[in-house]
file work-v1.txt (compact mmCIF, C-alpha atoms and all ligand atoms)
# COMPACT_ATOMS: atom_id res chain seq x y z
CA MET A 257 -16.82 -14.61 9.39
CA ARG A 258 -17.47 -12.17 6.56
CA ALA A 259 -14.52 -11.43 4.26
CA TYR A 260 -14.00 -9.60 0.97
CA ARG A 261 -12.17 -11.87 -1.45
CA TYR A 262 -10.49 -11.46 -4.82
CA TRP A 263 -11.56 -13.67 -7.72
CA GLY A 264 -10.49 -11.51 -10.69
CA ASP A 265 -11.03 -7.96 -11.92
CA ARG A 266 -14.45 -6.63 -10.88
CA GLU A 267 -14.93 -10.00 -9.20
CA LEU A 268 -14.39 -9.24 -5.56
CA ARG A 269 -17.07 -10.64 -3.30
CA LEU A 270 -18.12 -10.36 0.31
CA GLU A 271 -18.36 -14.00 1.42
CA ASP A 272 -18.73 -16.21 4.46
CA VAL A 273 -15.45 -17.96 5.21
CA PRO A 274 -14.18 -19.92 8.21
CA ALA A 275 -12.53 -17.68 10.79
CA PRO A 276 -8.73 -18.03 10.61
CA VAL A 277 -6.77 -19.93 13.24
CA PRO A 278 -3.31 -18.62 14.09
CA GLY A 279 -2.28 -21.95 15.62
CA SER A 280 1.26 -21.84 16.91
CA GLU A 281 2.17 -19.19 14.34
CA GLY A 282 1.52 -15.48 14.68
CA ALA A 283 -1.49 -13.72 16.15
CA LEU A 284 -5.21 -13.56 15.61
CA VAL A 285 -6.25 -9.95 15.18
CA LYS A 286 -9.81 -8.64 15.34
CA ILE A 287 -9.90 -5.99 12.64
CA VAL A 288 -11.06 -2.55 13.77
CA ALA A 289 -10.74 -0.78 10.42
CA CYS A 290 -9.04 -1.20 7.07
CA SER A 291 -8.81 1.50 4.43
CA ILE A 292 -9.06 1.12 0.67
CA CYS A 293 -5.73 1.81 -1.03
CA GLY A 294 -5.16 2.90 -4.63
CA THR A 295 -3.56 -0.53 -5.15
CA ASP A 296 -6.79 -2.21 -4.02
CA VAL A 297 -8.75 -0.06 -6.45
CA ARG A 298 -6.33 -1.00 -9.25
CA MET A 299 -6.85 -4.69 -8.36
CA TYR A 300 -10.61 -4.14 -8.42
CA ARG A 301 -10.52 -2.40 -11.81
CA PHE A 302 -7.80 -4.30 -13.67
CA GLY A 303 -7.14 -7.50 -11.68
CA SER A 304 -3.77 -8.42 -10.18
CA GLU A 305 -1.25 -11.01 -11.27
CA LYS A 306 0.38 -10.85 -7.84
CA THR A 307 -2.76 -12.02 -6.03
CA ASP A 308 -4.09 -15.55 -5.71
CA LYS A 309 -7.75 -16.23 -6.39
CA GLY A 310 -9.71 -16.39 -3.16
CA ARG A 311 -7.35 -14.06 -1.29
CA ILE A 312 -8.86 -11.72 1.32
CA VAL A 313 -7.69 -8.25 0.28
CA GLY A 314 -6.82 -5.16 2.33
CA HIS A 315 -3.49 -4.12 3.82
CA GLU A 316 -4.04 -0.76 5.57
CA MET A 317 -5.43 -2.13 8.78
CA VAL A 318 -5.75 -1.53 12.48
CA GLY A 319 -6.83 -4.30 14.83
CA LEU A 320 -6.85 -5.75 18.30
CA ILE A 321 -4.83 -8.85 19.25
CA THR A 322 -7.19 -11.55 20.53
CA GLU A 323 -4.86 -14.56 20.43
CA LEU A 324 -1.10 -14.73 20.40
CA ALA A 325 1.30 -17.61 19.82
CA PRO A 326 3.83 -17.97 22.64
CA GLY A 327 7.40 -16.80 22.17
CA LEU A 328 6.87 -14.05 19.60
CA PRO A 329 9.30 -11.12 19.91
CA GLY A 330 8.20 -7.55 20.66
CA GLY A 331 6.40 -7.90 24.00
CA PHE A 332 2.92 -7.97 22.48
CA LYS A 333 -0.09 -9.12 24.49
CA THR A 334 -3.76 -9.79 23.87
CA GLY A 335 -5.79 -6.59 23.98
CA ASP A 336 -3.05 -4.54 22.26
CA TYR A 337 -4.09 -2.35 19.36
CA VAL A 338 -1.74 -3.10 16.49
CA SER A 339 -0.98 -2.19 12.95
CA MET A 340 1.53 -3.57 10.55
CA ALA A 341 3.89 -2.63 7.74
CA PRO A 342 2.14 -4.97 5.29
CA ALA A 343 5.11 -5.77 3.04
CA ILE A 344 7.10 -8.41 4.92
CA GLY A 345 10.69 -9.19 4.01
CA CYS A 346 12.43 -12.57 4.31
CA GLY A 347 15.30 -11.26 6.44
CA GLU A 348 17.95 -13.10 4.43
CA CYS A 349 18.26 -11.66 0.93
CA TYR A 350 20.65 -8.84 -0.02
CA SER A 351 18.01 -6.08 0.35
CA CYS A 352 16.75 -7.38 3.69
CA VAL A 353 20.28 -7.61 5.11
CA LYS A 354 20.76 -3.96 4.08
CA GLY A 355 17.55 -3.01 5.91
CA ARG A 356 15.55 -2.38 2.73
CA THR A 357 13.03 -5.09 3.51
CA ASN A 358 10.48 -3.49 1.16
CA MET A 359 12.83 -4.50 -1.70
CA CYS A 360 12.98 -8.13 -0.55
CA ASP A 361 13.40 -10.77 -3.28
CA HIS A 362 10.76 -12.85 -1.51
CA LEU A 363 8.46 -10.07 -0.35
CA ALA A 364 5.14 -11.32 1.02
CA THR A 365 2.42 -8.73 1.54
CA MET A 366 -0.83 -8.77 3.49
CA GLY A 367 -3.78 -8.71 1.11
CA PHE A 368 -1.63 -10.19 -1.67
CA GLN A 369 0.29 -13.26 -0.46
CA TYR A 370 -1.32 -13.35 2.99
CA ASP A 371 -5.02 -12.83 3.72
CA GLY A 372 -5.63 -9.19 4.54
CA GLY A 373 -7.84 -6.86 6.52
CA PHE A 374 -11.21 -6.61 4.79
CA ALA A 375 -12.57 -9.26 7.14
CA GLU A 376 -13.66 -9.59 10.73
CA TYR A 377 -10.36 -11.26 11.67
CA ALA A 378 -6.89 -11.59 10.16
CA VAL A 379 -3.81 -13.56 11.13
CA PHE A 380 -0.67 -11.48 11.51
CA PRO A 381 1.91 -14.09 10.48
CA LYS A 382 4.87 -15.07 12.62
CA ARG A 383 7.21 -13.70 9.95
CA ALA A 384 5.72 -10.21 10.47
CA PHE A 385 6.63 -10.37 14.17
CA LEU A 386 10.11 -11.76 13.50
CA MET A 387 10.80 -8.99 10.96
CA GLY A 388 9.53 -6.19 13.24
CA ASN A 389 6.62 -5.31 10.95
CA VAL A 390 4.00 -5.28 13.73
CA TYR A 391 3.74 -2.28 16.04
CA THR A 392 1.42 -1.27 18.85
CA LEU A 393 -0.84 1.76 18.63
CA PRO A 394 -1.88 4.01 21.50
CA PRO A 395 -5.52 3.28 22.43
CA LEU A 396 -7.52 6.32 21.35
CA ASP A 397 -11.25 6.95 21.03
CA ASP A 398 -10.90 6.84 17.27
CA MET A 399 -8.39 4.28 15.96
CA VAL A 400 -9.52 4.64 12.34
CA PRO A 401 -7.03 7.39 11.31
CA PHE A 402 -4.14 4.98 12.02
CA THR A 403 -5.18 2.99 8.93
CA LEU A 404 -3.42 5.79 7.05
CA SER A 405 -0.02 4.99 8.53
CA GLU A 406 0.82 2.59 5.68
CA PRO A 407 0.20 5.01 2.79
CA LEU A 408 1.92 7.75 4.81
CA ALA A 409 4.92 5.43 5.29
CA CYS A 410 5.16 5.06 1.50
CA VAL A 411 5.10 8.87 1.22
CA ILE A 412 7.88 9.10 3.83
CA ASN A 413 9.88 6.51 1.86
CA ALA A 414 9.54 8.56 -1.36
CA GLN A 415 10.52 11.82 0.32
CA SER A 416 13.53 10.22 2.01
CA TYR A 417 15.15 10.23 -1.44
CA LEU A 418 14.15 13.83 -2.20
CA ARG A 419 15.86 15.56 0.76
CA ILE A 420 13.33 18.43 0.72
CA GLU A 421 14.60 21.51 2.56
CA ALA A 422 12.88 24.60 3.98
CA GLY A 423 12.26 27.23 1.31
CA GLU A 424 12.36 24.79 -1.59
CA ASP A 425 9.65 24.49 -4.22
CA VAL A 426 7.89 21.14 -4.54
CA ALA A 427 5.53 20.24 -7.39
CA ILE A 428 3.11 17.39 -6.81
CA PHE A 429 1.22 15.85 -9.71
CA GLY A 430 -2.15 14.48 -8.60
CA SER A 431 -4.32 15.62 -5.67
CA GLY A 432 -5.56 12.24 -4.44
CA ILE A 433 -4.87 11.14 -0.88
CA ILE A 434 -1.22 10.39 -1.72
CA GLY A 435 -0.70 13.80 -3.34
CA CYS A 436 -2.36 15.46 -0.33
CA MET A 437 -0.15 13.62 2.18
CA HIS A 438 2.96 14.47 0.13
CA ALA A 439 1.85 18.11 0.28
CA GLU A 440 1.39 18.02 4.06
CA LEU A 441 4.76 16.40 4.64
CA ALA A 442 6.59 18.79 2.31
CA ARG A 443 4.84 21.76 3.99
CA ALA A 444 5.90 20.38 7.38
CA ARG A 445 9.49 20.51 6.09
CA GLY A 446 9.04 24.18 5.19
CA ALA A 447 8.68 23.81 1.42
CA ARG A 448 6.40 25.79 -0.87
CA VAL A 449 3.98 23.38 -2.53
CA PHE A 450 2.29 23.37 -5.94
CA ILE A 451 -0.24 20.71 -6.86
CA VAL A 452 -1.00 19.96 -10.49
CA GLU A 453 -4.51 18.58 -10.87
CA PRO A 454 -6.49 18.80 -14.11
CA SER A 455 -9.84 17.88 -12.52
CA GLU A 456 -11.69 20.88 -11.11
CA GLU A 457 -13.68 18.68 -8.74
CA ARG A 458 -10.54 17.09 -7.32
CA ARG A 459 -8.86 20.49 -6.97
CA ARG A 460 -11.90 21.65 -4.99
CA GLN A 461 -11.83 18.54 -2.74
CA ALA A 462 -8.11 18.88 -2.00
CA GLY A 463 -8.34 22.65 -1.64
CA GLU A 464 -10.74 22.21 1.28
CA LEU A 465 -8.20 20.04 3.10
CA LEU A 466 -4.88 21.77 2.44
CA ASP A 467 -3.65 25.21 3.47
CA ASP A 468 -0.99 27.24 1.68
CA VAL A 469 -0.89 25.15 -1.46
CA THR A 470 -1.05 26.59 -4.98
CA PHE A 471 -3.18 24.55 -7.36
CA ILE A 472 -2.33 24.37 -11.05
CA ALA A 473 -4.81 23.10 -13.62
CA GLY A 474 -2.28 22.56 -16.41
CA GLY A 475 -4.15 24.02 -19.34
CA LYS A 476 -2.70 25.96 -22.27
CA GLU A 477 0.61 27.01 -20.80
CA GLY A 478 1.20 23.43 -19.60
CA ALA A 479 1.85 22.47 -15.98
CA ALA A 480 5.65 22.61 -16.36
CA GLY A 481 5.55 26.09 -17.90
CA GLU A 482 3.33 27.36 -15.12
CA ILE A 483 5.56 25.92 -12.40
CA ILE A 484 8.63 27.47 -13.98
CA ARG A 485 6.87 30.84 -14.19
CA LEU A 486 5.60 30.64 -10.58
CA THR A 487 9.08 29.79 -9.30
CA GLY A 488 10.63 32.83 -10.98
CA GLY A 489 12.03 30.88 -13.92
CA LYS A 490 13.93 28.40 -11.77
CA GLY A 491 11.59 25.41 -11.68
CA ALA A 492 10.70 23.08 -8.80
CA ASP A 493 13.43 21.61 -6.61
CA ALA A 494 11.48 18.39 -6.33
CA ALA A 495 8.61 16.93 -8.34
CA ILE A 496 6.49 14.02 -7.14
CA ILE A 497 4.32 12.08 -9.55
CA ALA A 498 1.42 10.96 -7.36
CA CYS A 499 -0.68 9.59 -10.20
CA SER A 500 -0.35 6.86 -12.81
CA VAL A 501 -0.10 9.04 -15.90
CA GLY A 502 2.93 8.85 -18.21
CA ALA A 503 2.50 12.42 -19.45
CA ALA A 504 2.67 13.66 -15.83
CA GLN A 505 6.11 12.01 -15.52
CA SER A 506 7.49 13.98 -18.45
CA ASP A 507 5.74 17.17 -17.22
CA GLY A 508 7.30 16.58 -13.80
CA LEU A 509 10.77 16.29 -15.31
CA GLN A 510 10.25 19.41 -17.45
CA SER A 511 9.10 21.37 -14.37
CA LEU A 512 12.32 20.74 -12.43
CA ALA A 513 15.08 23.18 -11.55
CA LYS A 514 18.71 22.26 -12.20
CA CYS A 515 19.80 19.58 -9.71
CA GLY A 516 16.10 18.85 -9.15
CA ARG A 517 14.81 15.53 -7.86
CA LEU A 518 11.99 13.52 -9.37
CA SER A 519 10.00 10.85 -7.51
CA LEU A 520 8.01 8.38 -9.60
CA PHE A 521 5.53 7.51 -6.86
CA GLY A 522 2.71 6.16 -9.00
CA GLY A 523 3.45 3.16 -11.20
CA LEU A 524 2.10 3.10 -14.74
CA PRO A 525 -0.49 0.51 -15.78
CA GLY A 526 0.52 -2.03 -18.40
CA GLY A 527 4.30 -1.81 -17.86
CA GLY A 528 4.50 1.68 -19.41
CA SER A 529 7.94 3.22 -19.92
CA GLY A 530 9.82 5.80 -21.97
CA PHE A 531 8.36 9.01 -20.57
CA LEU A 532 11.62 10.63 -19.52
CA ASP A 533 14.04 12.80 -21.50
CA SER A 534 17.39 11.30 -20.56
CA ASN A 535 19.48 14.19 -21.89
CA ARG A 536 17.57 16.58 -19.67
CA ILE A 537 18.39 14.32 -16.71
CA HIS A 538 22.04 14.27 -17.82
CA TYR A 539 22.67 17.98 -18.48
CA ARG A 540 20.64 19.30 -15.54
CA GLU A 541 21.93 16.74 -13.03
CA ILE A 542 18.44 15.55 -12.19
CA GLY A 543 17.96 12.72 -9.71
CA VAL A 544 15.19 10.28 -10.55
CA PHE A 545 13.88 7.99 -7.82
CA GLY A 546 11.49 5.09 -7.73
CA VAL A 547 9.60 3.98 -4.65
CA HIS A 548 7.84 0.79 -3.69
CA ALA A 549 6.06 0.10 -0.41
CA SER A 550 7.81 0.96 2.87
CA THR A 551 9.90 -0.45 5.69
CA PRO A 552 8.77 -1.20 9.28
CA ALA A 553 10.79 1.81 10.51
CA GLN A 554 8.96 4.11 8.08
CA ASN A 555 5.61 2.74 9.27
CA LYS A 556 6.53 3.51 12.85
CA THR A 557 7.57 7.04 11.87
CA ALA A 558 4.24 7.45 10.07
CA MET A 559 2.35 6.31 13.15
CA GLU A 560 4.23 8.89 15.26
CA LEU A 561 3.48 11.68 12.76
CA LEU A 562 -0.21 10.79 12.88
CA ARG A 563 -0.20 10.55 16.64
CA GLY A 564 1.66 13.86 17.06
CA GLY A 565 -0.66 15.67 14.65
CA THR A 566 2.02 16.59 12.06
CA ILE A 567 -0.26 14.83 9.62
CA ASN A 568 -3.96 15.12 10.42
CA ALA A 569 -5.21 11.84 8.96
CA GLY A 570 -8.77 12.25 10.17
CA LYS A 571 -9.54 15.04 7.74
CA PHE A 572 -8.48 12.93 4.74
CA ILE A 573 -10.89 10.11 5.54
CA SER A 574 -13.87 11.16 3.52
CA LYS A 575 -16.20 8.26 4.23
CA ARG A 576 -16.55 5.29 6.58
CA TYR A 577 -18.46 2.17 5.54
CA PRO A 578 -19.44 -0.97 7.46
CA LEU A 579 -18.07 -4.23 6.05
CA SER A 580 -21.54 -5.07 4.72
CA GLU A 581 -21.25 -2.06 2.37
CA ILE A 582 -17.75 -2.77 1.10
CA GLU A 583 -18.99 -3.29 -2.45
CA THR A 584 -20.38 0.25 -2.48
CA ALA A 585 -17.16 1.53 -0.94
CA PHE A 586 -15.04 -0.02 -3.71
CA ARG A 587 -17.36 1.25 -6.41
CA GLU A 588 -17.24 4.79 -5.02
CA ALA A 589 -13.47 4.64 -4.53
CA ALA A 590 -13.07 3.45 -8.14
CA GLU A 591 -15.29 6.30 -9.39
CA GLY A 592 -13.08 8.74 -7.50
CA SER A 593 -16.03 10.28 -5.65
CA VAL A 594 -14.35 9.75 -2.24
CA LEU A 595 -10.78 10.78 -1.40
CA LYS A 596 -10.24 7.99 1.13
CA ALA A 597 -12.72 5.27 2.00
CA VAL A 598 -12.33 3.22 5.18
CA ILE A 599 -14.12 0.05 6.15
CA VAL A 600 -14.95 0.12 9.84
CA MET A 601 -16.03 -3.14 11.48
CA ASP A 602 -19.05 -3.22 13.79
ZN ZN A 701 -1.72 0.91 0.55
ZN ZN A 702 14.43 -10.56 1.76
call {"tool": "encode", "arguments": {"input": "work-v1.txt", "output": "structure tokens"}}
result
Amino acid sequence: MRAYRYWGDRELRLEDVPAPVPGSEGALVKIVACSICGTDVRMYRFGSEKTDKGRIVGHEMVGLITELAPGLPGGFKTGDYVSMAPAIGCGECYSCVKGRTNMCDHLATMGFQYDGGFAEYAVFPKRAFLMGNVYTLPPLDDMVPFTLSEPLACVINAQSYLRIEAGEDVAIFGSGIIGCMHAELARARGARVFIVEPSEERRRQAGELLDDVTFIAGGKEGAAGEIIRLTGGKGADAAIIACSVGAAQSDGLQSLAKCGRLSLFGGLPGGGSGFLDSNRIHYREIGVFGVHASTPAQNKTAMELLRGGTINAGKFISKRYPLSEIETAFREAAEGSVLKAVIVMD
């Protein structure tokens, strides 16, 4: 089968590999579609220490079960459409026992420690079934939007810490797909949303997809100053940093109201730190939250939100590519010319 494998930064190649065999473990899944995540793009641009050479990448996938080991929990059968929370916990460490399987000490993730979804077939490992990471999808004419359930689950995870209420002001830094989904979810909770995006082209792209959002370019007054002015001097109740820019983290903190909450959604490249003013956090009782991946429960919630139309995933998918054009898809995703690129198998 054809598969897109990682061999180092800028060294990902579409290759012929033997089709996987699930054996007595897990399920063989014929991939329907797999979308390109910001993490995949980071791996493509800068390499990844977490990924073995020769690994098939891709973790935002939808597929069809074609073979299933006997005795797996969950009542799955061949012919089921499935997706998966790609970060699989061990079930035994402190975090797993507390239900925070995304914080597992031995986390194993599709596309990183297991072969992923940019291929004709993937094996969903037994451990994913045992940990409840696999879930069925309703068969619809277009299954492709469900590839967005994983990034949406990460957004849900981040907002679970922020406790956004109706009437609150939310500032989102970055208008990529993650920023856009944060905006939709916050709007669904009744919040007023501001998006800070310095790039005019990206503001235009996002503006076509989102209603009732105020875009802020930053500029002379500074993003924080503008947010404070637009919220009547109070500041935002929550700020979400949906980009990997240190300066946006400090702007986000400066833009917050007293008792505001800050979500550091995007990690910084190169182990960056030191962007936060700790006295401001102290005196204004600011809550600062990290976020990493998502739990199976959050993936199922995401799938329901997509299915129910609370989040219209279809409109965020800017371009579909066949597997044979995955190299173009990665190049275009890395250039930022597409909001969300999805590989759709023939
Ligand atoms: Zn992802
Ligand atoms: Zn664990």
call {"tool": "atom_distance", "arguments": {"input": "work-v1.txt", "atom1": "atom CA of Leu393 of chain A", "atom2": "atom CA of Leu328 of chain A"}}
result
17.6 Å
call {"tool": "residues_around", "arguments": {"input": "work-v1.txt", "residues": "Gly475 of chain A", "least_positions_apart": "5", "cutoff": "12 Å", "atoms": "only C-alpha atoms", "output": "list in words"}}
result
Val452, Glu453, Pro454, Ser455, Glu456, Ala480, Gly481 and Glu482 of chain A
call {"tool": "residues_around", "arguments": {"input": "work-v1.txt", "residues": "Ala325 of chain A", "least_positions_apart": "2", "cutoff": "6 Å", "atoms": "all atoms listed in the file", "output": "PyMOL selection string"}}
result
chain A and resi 280-282
call {"tool": "closest_residue", "arguments": {"input": "work-v1.txt", "among": "A:Val411, A:Ala494, A:Leu532, A:Ile537", "to": "Ile433 of chain A", "atoms": "all atoms listed in the file"}}
result
A:Val411
call {"tool": "residues_near_ligand", "arguments": {"input": "work-v1.txt", "ligand": "ligand ZN 701 (chain A)", "cutoff": "10 Å", "atoms": "all atoms listed in the file", "output": "VMD selection string"}}
result
chain A and resid 291 to 297 314 to 317 341 to 343 367 403 to 410 434 549 to 550
call {"tool": "closest_atom_pairs", "arguments": {"input": "work-v1.txt", "of": "chain A", "to": "ligand ZN 702 (chain A)", "cutoff": "7 Å", "atoms": "only C-alpha atoms and all ligand atoms", "output": "CSV"}}
result
residue,atom,partner,partner_atom,distance
A:Gly345,CA,A:ZN702,ZN,4.6
A:Cys346,CA,A:ZN702,ZN,3.8
A:Gly347,CA,A:ZN702,ZN,4.8
A:Glu348,CA,A:ZN702,ZN,5.1
A:Cys349,CA,A:ZN702,ZN,4.1
A:Tyr350,CA,A:ZN702,ZN,6.7
A:Ser351,CA,A:ZN702,ZN,5.9
A:Cys352,CA,A:ZN702,ZN,4.4
A:Thr357,CA,A:ZN702,ZN,5.9
A:Cys360,CA,A:ZN702,ZN,3.7
A:Asp361,CA,A:ZN702,ZN,5.1
A:His362,CA,A:ZN702,ZN,5.4
A:Leu363,CA,A:ZN702,ZN,6.4
call {"tool": "write_last_selection", "arguments": {"input": "work-v1.txt", "atoms": "C-alpha atoms", "output": "PDB file, in the frame of the given file"}}
result
ATOM      1  CA  GLY A 345      10.690  -9.190   4.010  1.00  0.00           C
ATOM      2  CA  CYS A 346      12.430 -12.570   4.310  1.00  0.00           C
ATOM      3  CA  GLY A 347      15.300 -11.260   6.440  1.00  0.00           C
ATOM      4  CA  GLU A 348      17.950 -13.100   4.430  1.00  0.00           C
ATOM      5  CA  CYS A 349      18.260 -11.660   0.930  1.00  0.00           C
ATOM      6  CA  TYR A 350      20.650  -8.840  -0.020  1.00  0.00           C
ATOM      7  CA  SER A 351      18.010  -6.080   0.350  1.00  0.00           C
ATOM      8  CA  CYS A 352      16.750  -7.380   3.690  1.00  0.00           C
ATOM      9  CA  THR A 357      13.030  -5.090   3.510  1.00  0.00           C
ATOM     10  CA  CYS A 360      12.980  -8.130  -0.550  1.00  0.00           C
ATOM     11  CA  ASP A 361      13.400 -10.770  -3.280  1.00  0.00           C
ATOM     12  CA  HIS A 362      10.760 -12.850  -1.510  1.00  0.00           C
ATOM     13  CA  LEU A 363       8.460 -10.070  -0.350  1.00  0.00           C
TER      14      LEU A 363
END
call {"tool": "residues_near_point", "arguments": {"input": "work-v1.txt", "point": "(-6.4, -10.4, 19.0)", "cutoff": "8 Å", "atoms": "only C-alpha atoms", "output": "PyMOL selection string"}}
result
chain A and resi 283-286+319-324+334-336
call {"tool": "residues_near_point", "arguments": {"input": "work-v1.txt", "point": "(7.4, 14.4, -13.7)", "cutoff": "10 Å", "atoms": "all atoms listed in the file", "output": "list in words"}}
result
Ala427, Ile428, Phe429, Ala480, Ala494, Ala495, Ile496, Ile497, Ala498, Val501, Gly502, Ala503, Ala504, Gln505, Ser506, Asp507, Gly508, Leu509, Gln510, Ser511, Leu512, Arg517, Leu518, Ser519, Leu520, Phe521, Phe531, Leu532 and Val544 of chain A
call {"tool": "atom_distance", "arguments": {"input": "work-v1.txt", "atom1": "atom CA of Pro578 of chain A", "atom2": "atom CA of Ala590 of chain A"}}
result
17.4 Å
call {"tool": "closest_residue", "arguments": {"input": "work-v1.txt", "among": "A:Ala492, A:Ala414, A:Ala422, A:Leu561", "to": "Gly446 of chain A", "atoms": "all atoms listed in the file"}}
result
A:Ala422
call {"tool": "axis_aligned_box", "arguments": {"input": "work-v1.txt", "around": "segment 382-390 of chain A", "padding_each_side": "6 Å", "output": "JSON"}}
result
{"center_x": 7.4, "center_y": -10.2, "center_z": 12.1, "size_x": 18.8, "size_y": 21.8, "size_z": 16.2}
call {"tool": "atom_distance", "arguments": {"input": "work-v1.txt", "atom1": "atom CA of Gly516 of chain A", "atom2": "atom CA of Leu441 of chain A"}}
result
18.0 Å
call {"tool": "closest_residue", "arguments": {"input": "work-v1.txt", "among": "A:Val277, A:Val313, A:Val353, A:Ile599", "to": "Pro381 of chain A", "atoms": "only C-alpha atoms"}}
result
A:Val277
call {"tool": "residues_around", "arguments": {"input": "work-v1.txt", "residues": "Phe586 of chain A", "least_positions_apart": "2", "cutoff": "12 Å", "atoms": "only C-alpha atoms", "output": "ChimeraX atom specification"}}
result
/A:260,266-270,291-301,313-314,374,575-577,579-584,588-599
call {"tool": "residues_around", "arguments": {"input": "work-v1.txt", "residues": "Arg311 of chain A", "least_positions_apart": "3", "cutoff": "9 Å", "atoms": "all atoms listed in the file", "output": "NGL selection string"}}
result
:A and (260-263 or 307-308 or 367-372)
call {"tool": "closest_residue", "arguments": {"input": "work-v1.txt", "among": "A:Lys556, A:Lys309, A:Arg459, A:Lys571", "to": "Val390 of chain A", "atoms": "all atoms listed in the file"}}
result
A:Lys556
call {"tool": "closest_residue", "arguments": {"input": "work-v1.txt", "among": "A:Ala259, A:Ala378, A:Met359, A:Thr551", "to": "Gly310 of chain A", "atoms": "only C-alpha atoms"}}
result
A:Ala259
call {"tool": "closest_residue", "arguments": {"input": "work-v1.txt", "among": "A:Val338, A:Ile287, A:Cys515, A:Ala375", "to": "Val273 of chain A", "atoms": "only C-alpha atoms"}}
result
A:Ala375
call {"tool": "build_atoms", "arguments": {"input": "work-v1.txt", "residues": "segment 579-593 of chain A", "atoms": "N, CA and C atoms", "output": "compact mmCIF listing (two decimals), in the frame of the given file"}}
result
# COMPACT_ATOMS: atom_id res chain seq x y z
N LEU A 579 -18.53 -3.16 6.94
CA LEU A 579 -18.07 -4.23 6.05
C LEU A 579 -19.18 -4.66 5.08
N SER A 580 -20.42 -4.63 5.57
CA SER A 580 -21.54 -5.07 4.72
C SER A 580 -21.70 -4.17 3.48
N GLU A 581 -21.12 -2.97 3.53
CA GLU A 581 -21.25 -2.06 2.37
C GLU A 581 -19.94 -1.91 1.60
N ILE A 582 -19.07 -2.91 1.73
CA ILE A 582 -17.75 -2.77 1.10
C ILE A 582 -17.85 -2.69 -0.42
N GLU A 583 -18.87 -3.34 -0.99
CA GLU A 583 -18.99 -3.29 -2.45
C GLU A 583 -19.28 -1.86 -2.92
N THR A 584 -20.12 -1.17 -2.18
CA THR A 584 -20.38 0.25 -2.48
C THR A 584 -19.11 1.07 -2.29
N ALA A 585 -18.38 0.77 -1.23
CA ALA A 585 -17.16 1.53 -0.94
C ALA A 585 -16.16 1.40 -2.09
N PHE A 586 -15.97 0.18 -2.60
CA PHE A 586 -15.04 -0.02 -3.71
C PHE A 586 -15.53 0.69 -4.96
N ARG A 587 -16.84 0.60 -5.21
CA ARG A 587 -17.36 1.25 -6.41
C ARG A 587 -17.13 2.76 -6.32
N GLU A 588 -17.40 3.34 -5.16
CA GLU A 588 -17.24 4.79 -5.02
C GLU A 588 -15.77 5.19 -5.05
N ALA A 589 -14.91 4.34 -4.47
CA ALA A 589 -13.47 4.64 -4.53
C ALA A 589 -12.98 4.57 -5.98
N ALA A 590 -13.48 3.59 -6.75
CA ALA A 590 -13.07 3.45 -8.14
C ALA A 590 -13.59 4.61 -9.00
N GLU A 591 -14.76 5.15 -8.65
CA GLU A 591 -15.29 6.30 -9.39
C GLU A 591 -14.55 7.59 -9.03
N GLY A 592 -13.81 7.54 -7.93
CA GLY A 592 -13.08 8.74 -7.50
C GLY A 592 -13.95 9.74 -6.76
N SER A 593 -15.15 9.32 -6.33
CA SER A 593 -16.03 10.28 -5.65
C SER A 593 -15.67 10.45 -4.17
